[in-house]
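Visitor: I have a structure I would like to understand better, so I am pasting it below and will then ask my questions one at a time.
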Amino acid sequence: MTSTTEPTEPLSVEQLSATTLLRFATAGSVDDGKSTLVGRLLHDSKSILTDQLEAVEHASRNRGQDTPDLALLTDGLRAEREQGITIDVAYRYFATARRRFILADTPGHVQYTRNMVTGASTADLAVVLVDARNGVIEQTRRHAAVAALLRVPHVVLAVNKMDLVGYEESVFAAIAEEFTAYASELGVPEITAIPISALAGDNVVEPSANMDWYGGPTVLEHLETVPVSHDLAHCHARLPVQYVIRPQTAEHPDYRGYAGQIAAGSLRVGQQVTVLPSGRTSTISGIDLLGEPVDIAWTPQSVTVLLKDDIDISRGDLLVPSKDAPATTQDVEATVCHVADEALTVGHRVLLKHGTRTVKAIVKDIPSRLTLDDLSLHPHPGRLVANDIGRVKIRTAEPLPVDSYADSRRTGAFILIDPADGTTLTAGMVGESFAAPQPVKDESDDDGWDF
């Protein structure tokens, strides 16, 4: 297969290994042009192949379009093509000479906001699109709130369809000022506004000749140069145990290893560790990585850890350095985004999945719900419906070793699951956030609980 543009030298394995990786997500309201932006980004950065473009051209002609609809590069589901909307998260992988990218194109419909939570949960950067004709709307504020809630460190405001407002600087400036003020109040640490036309290609990969008043970077230039700080490598070490390896063969009669992906920090041979929630301690006697022993391993490597002592460890346990062990608790307070059609109510019995551990739990209280218009807190709403963001108090049947989400996006996150059918109800972030209300005294804190 050949490139759609002039031939360029492919990146070697060594070059790709030397480049950094940026995970980013796109979000925006319906018809703001997310999929078109992604398609333009892939096309103009020479990241699509001839047969892919031919398939898009063929599908576009079948829909009566004279020019290729680049949105079809990401809208792969049949229902998406028929309706001209994005329903599911579409992941794309591409690379330039400066950086590798994992892109999550997320839906804009309110009913699919849950998918935006999925796509942005691991993102280093979020691109929020706004139609220049419509400005900042409720769904824009919702996406900004989700990005802030998930603590995405960088947010790009892409003011799209500038060609439809005559490339007017005043239109862009007003939208950028409104969004920046709102997102800053939410606590978004860095906001970059870029005026673009995804359809025409203005300021996506190449600078626009139609907006000489703008002197900032293009979207791709910003993506290639934004600092990426993988803070998980510097967090307290955490290894959720996924599987216990006990071959009991003639070659390995006494081998007992605890396998999993390191969620944060690093582990080394000789380090004293604690097993949570039991609290038992031991010393790391060996670490196997890809079948070979190593002295040290770090996030996000998948490893097998061997301990000096034979102690009871099973799936769901957490291995942590004894000096940096988190406290275990049965009372979890968190900010959540409710993603299910079924409402979350006080007294709701759920399953809470944290890392590799799943426990029974009860929603003890819903102290507040966030109002997106003015960021005020509605106290004690009693329930959260689809796409609501609010605070919850949860009582678990067993102690959990949880970190604050502000300290670790991996070990500070959890999901609530419907025990009846396994549906994901809610995505939760432990600890304080922009939605944190004043402490609410609950007179029934110790009454009526059966665990």
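Letters A, B, ... mark the chains of the structure tokens in the order given; residue numbers begin at 1 per chain; ligand numbers begin at 1, in order shown.
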Give me the residues near Tyr93 of chain A as number ranges by chain, where near means some atom within 7 Å (using only C-alpha atoms) and where sequence neighbours in that chain fewer than 2 positions away do not count.

Guide: A: 91, 101-103

Visitor: Could you give me, as a tab-separated table, every segment 274-378 of chain A residue with an atom at most 12 Å from segment 218-230 of chain A, plus its closest atom pair and distance in Å to one decimal, counting only C-alpha atoms, rows ordered by chain then number?

Guide:
residue	atom	partner	partner_atom	distance
A:Trp298	CA	A:His230	CA	11.7
A:Thr299	CA	A:His230	CA	9.5
A:Pro300	CA	A:His230	CA	10.3

Visitor: Rank nothing, just name the residue among A:Leu239, A:Leu372, A:Ala174, A:Ala406 nearest to Arg357 of chain A, using only C-alpha atoms.

Guide: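 Selected residue with least distance to Arg357 of chain A: A:Leu239.
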
Visitor: Could you write out, as a ChimeraX atom specification, all the residues of segment 172-377 of chain A that DSSP marks as alpha helix (DSSP H)?

Guide: /A:172-186,219-225

Visitor: For the residues in that selection, give me C-alpha atoms as a compact mmCIF listing (two decimals), in the first residue's frame.

Guide:
# COMPACT_ATOMS: atom_id res chain seq x y z
CA PHE A 172 -12.77 33.58 17.94
CA ALA A 173 -11.66 35.94 20.71
CA ALA A 174 -15.11 36.02 22.34
CA ILE A 175 -15.45 32.22 22.35
CA ALA A 176 -11.89 31.72 23.62
CA GLU A 177 -12.42 34.19 26.46
CA GLU A 178 -15.69 32.59 27.57
CA PHE A 179 -14.36 29.03 27.47
CA THR A 180 -11.07 29.89 29.15
CA ALA A 181 -12.85 31.61 32.05
CA TYR A 182 -15.17 28.61 32.53
CA ALA A 183 -12.46 25.93 32.26
CA SER A 184 -10.11 27.87 34.55
CA GLU A 185 -12.80 28.00 37.22
CA LEU A 186 -13.07 24.22 36.92
CA VAL A 219 -3.19 21.81 16.02
CA LEU A 220 -0.50 19.32 14.95
CA GLU A 221 2.33 21.63 15.98
CA HIS A 222 0.83 21.97 19.44
CA LEU A 223 0.29 18.21 19.71
CA GLU A 224 3.92 17.61 18.75
CA THR A 225 5.37 20.11 21.22

Visitor: I'd like to know which of A:Pro240, A:Pro367, A:Gly422, A:Gly390 is closest to Val146 of chain A, using only C-alpha atoms.

Guide: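 Using only C-alpha atoms, the shortest distance to Val146 of chain A belongs to A:Gly390.
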
Visitor: Please report the interatomic distance between atom CA of Ile417 of chain A and atom CA of Ala334 of chain A in Å with one decimal.

Guide: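 Straight-line distance from atom CA of Ile417 of chain A to atom CA of Ala334 of chain A works out to 15.4 Å.
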
Visitor: As an exercise, work out the distance from atom CA of Ala264 of chain A to atom CA of Val303 of chain A in Å and give it to one decimal place.

Guide: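 Going from atom CA of Ala264 of chain A over to atom CA of Val303 of chain A covers 12.8 Å.
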
Visitor: Could you produce a table of the residues of segment 345-447 of chain A lying within 9 Å of segment 270-292 of chain A, with the nearest pair of atoms per residue and their separation in Å rounded to one decimal, using only C-alpha atoms, ordered by chain and increasing residue number, as JSON lines?

Guide:
{"residue": "A:Glu398", "atom": "CA", "partner": "A:Pro277", "partner_atom": "CA", "distance": 8.7}
{"residue": "A:Pro399", "atom": "CA", "partner": "A:Pro277", "partner_atom": "CA", "distance": 6.5}
{"residue": "A:Leu400", "atom": "CA", "partner": "A:Pro277", "partner_atom": "CA", "distance": 6.4}
{"residue": "A:Pro401", "atom": "CA", "partner": "A:Pro277", "partner_atom": "CA", "distance": 6.4}

Visitor: Those residues with C-alpha atoms, as a PDB file, in the first residue's frame please?

Guide:
ATOM      1  CA  GLU A 398     -14.440  -4.973  52.468  1.00  0.00           C
ATOM      2  CA  PRO A 399     -11.599  -2.512  53.093  1.00  0.00           C
ATOM      3  CA  LEU A 400     -10.033  -0.983  49.969  1.00  0.00           C
ATOM      4  CA  PRO A 401      -6.556   0.574  49.594  1.00  0.00           C
TER       5      PRO A 401
END

Visitor: Let me make sure I understand: among A:Thr96, A:Gln330, A:Ser376, A:Gln248, which one has the smallest atom-to-atom distance to Ala397 of chain A if we use only C-alpha atoms?

Guide: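 Looking only at the distances to Ala397 of chain A, the closest residue turns out to be A:Gln330.
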
Visitor: Quick one: of A:Asp403, A:Pro195, A:Gly33, A:Gly265, who's nearest to Ser170 of chain A, counting only C-alpha atoms?

Guide: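 Result for the nearest residue to Ser170 of chain A: A:Pro195.
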
Visitor: Report as a list in words all protein, DNA and RNA residues lying within 7 Å of Val156 of chain A, evaluated on only C-alpha atoms, omitting residues in the same chain fewer than 3 positions from it.

Guide: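 Result of the neighbour search: Ala126, Val127, Val128, Ile191, Thr192 and Ala193 of chain A.
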
Visitor: Go ahead and compute the interatomic distance for atom CA of His378 of chain A and atom CA of Val136 of chain A, in Å to one decimal.

Guide: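 Atom CA of His378 of chain A sits 22.4 Å away from atom CA of Val136 of chain A.
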
Visitor: When DSSP is applied to the backbone of this structure, which of segment 129-326 of chain A are assigned strand (DSSP E)? Write them out as a PyMOL selection string.

Guide: chain A and resi 129-131+154-160+191-195+239-240+243-245+257-261+266-268+272-276+280-289+292-294+296-298+302-307+318-321

Visitor: For Ile366 of chain A, which residue out of A:Val392, A:Ala259, A:Ala147, A:Met429 is the nearest one, using only C-alpha atoms?

Guide: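 Nearest candidate to Ile366 of chain A out of A:Val392, A:Ala259, A:Ala147, A:Met429: A:Val392.
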
Visitor: Residues within 9 Å of Arg349 of chain A, please, as a PDB file with N, CA and C atoms, in the first residue's frame. Count only C-alpha atoms; anything in the same chain fewer than 6 positions from it doesn't count.

Guide:
ATOM      1  N   LYS A 360     -18.600  -5.689  47.064  1.00  0.00           N
ATOM      2  CA  LYS A 360     -19.964  -5.198  47.202  1.00  0.00           C
ATOM      3  C   LYS A 360     -19.945  -3.840  47.908  1.00  0.00           C
ATOM      4  N   ALA A 361     -20.911  -2.990  47.569  1.00  0.00           N
ATOM      5  CA  ALA A 361     -20.951  -1.657  48.172  1.00  0.00           C
ATOM      6  C   ALA A 361     -22.376  -1.108  48.151  1.00  0.00           C
ATOM      7  N   ILE A 362     -22.588  -0.069  48.943  1.00  0.00           N
ATOM      8  CA  ILE A 362     -23.873   0.631  49.001  1.00  0.00           C
ATOM      9  C   ILE A 362     -23.616   2.134  48.872  1.00  0.00           C
ATOM     10  N   VAL A 363     -24.423   2.803  48.081  1.00  0.00           N
ATOM     11  CA  VAL A 363     -24.345   4.263  47.991  1.00  0.00           C
ATOM     12  C   VAL A 363     -24.957   4.831  49.261  1.00  0.00           C
ATOM     13  N   ASP A 418     -23.621  -2.496  38.082  1.00  0.00           N
ATOM     14  CA  ASP A 418     -24.910  -3.090  38.466  1.00  0.00           C
ATOM     15  C   ASP A 418     -24.703  -4.585  38.690  1.00  0.00           C
ATOM     16  N   PRO A 419     -24.928  -5.084  39.906  1.00  0.00           N
ATOM     17  CA  PRO A 419     -24.691  -6.509  40.175  1.00  0.00           C
ATOM     18  C   PRO A 419     -25.655  -7.427  39.433  1.00  0.00           C
TER      19      PRO A 419
END

Visitor: With only C-alpha atoms as the counted atoms, please give the residues lying no more than 9 Å from Ile313 of chain A, apart from itself and same-chain residues fewer than 3 positions off, as a PyMOL selection string.

Guide: chain A and resi 241+244+258+275+278+310+316-318

Visitor: Extract, using only C-alpha atoms, all DNA, RNA and protein residues at most 8 Å from Leu199 of chain A, discarding same-chain residues fewer than 5 positions from it, and format them as a list in words.

Guide: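 The filter keeps Thr36, Leu37, Arg40 and Lys161 of chain A.
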
Visitor: Using only C-alpha atoms, can you tell me which of A:Lys364, A:Arg256, A:Arg246, A:Arg409 comes closest to Leu344 of chain A?

Guide: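 Once distances to Leu344 of chain A are computed over only C-alpha atoms, the minimum belongs to A:Lys364.
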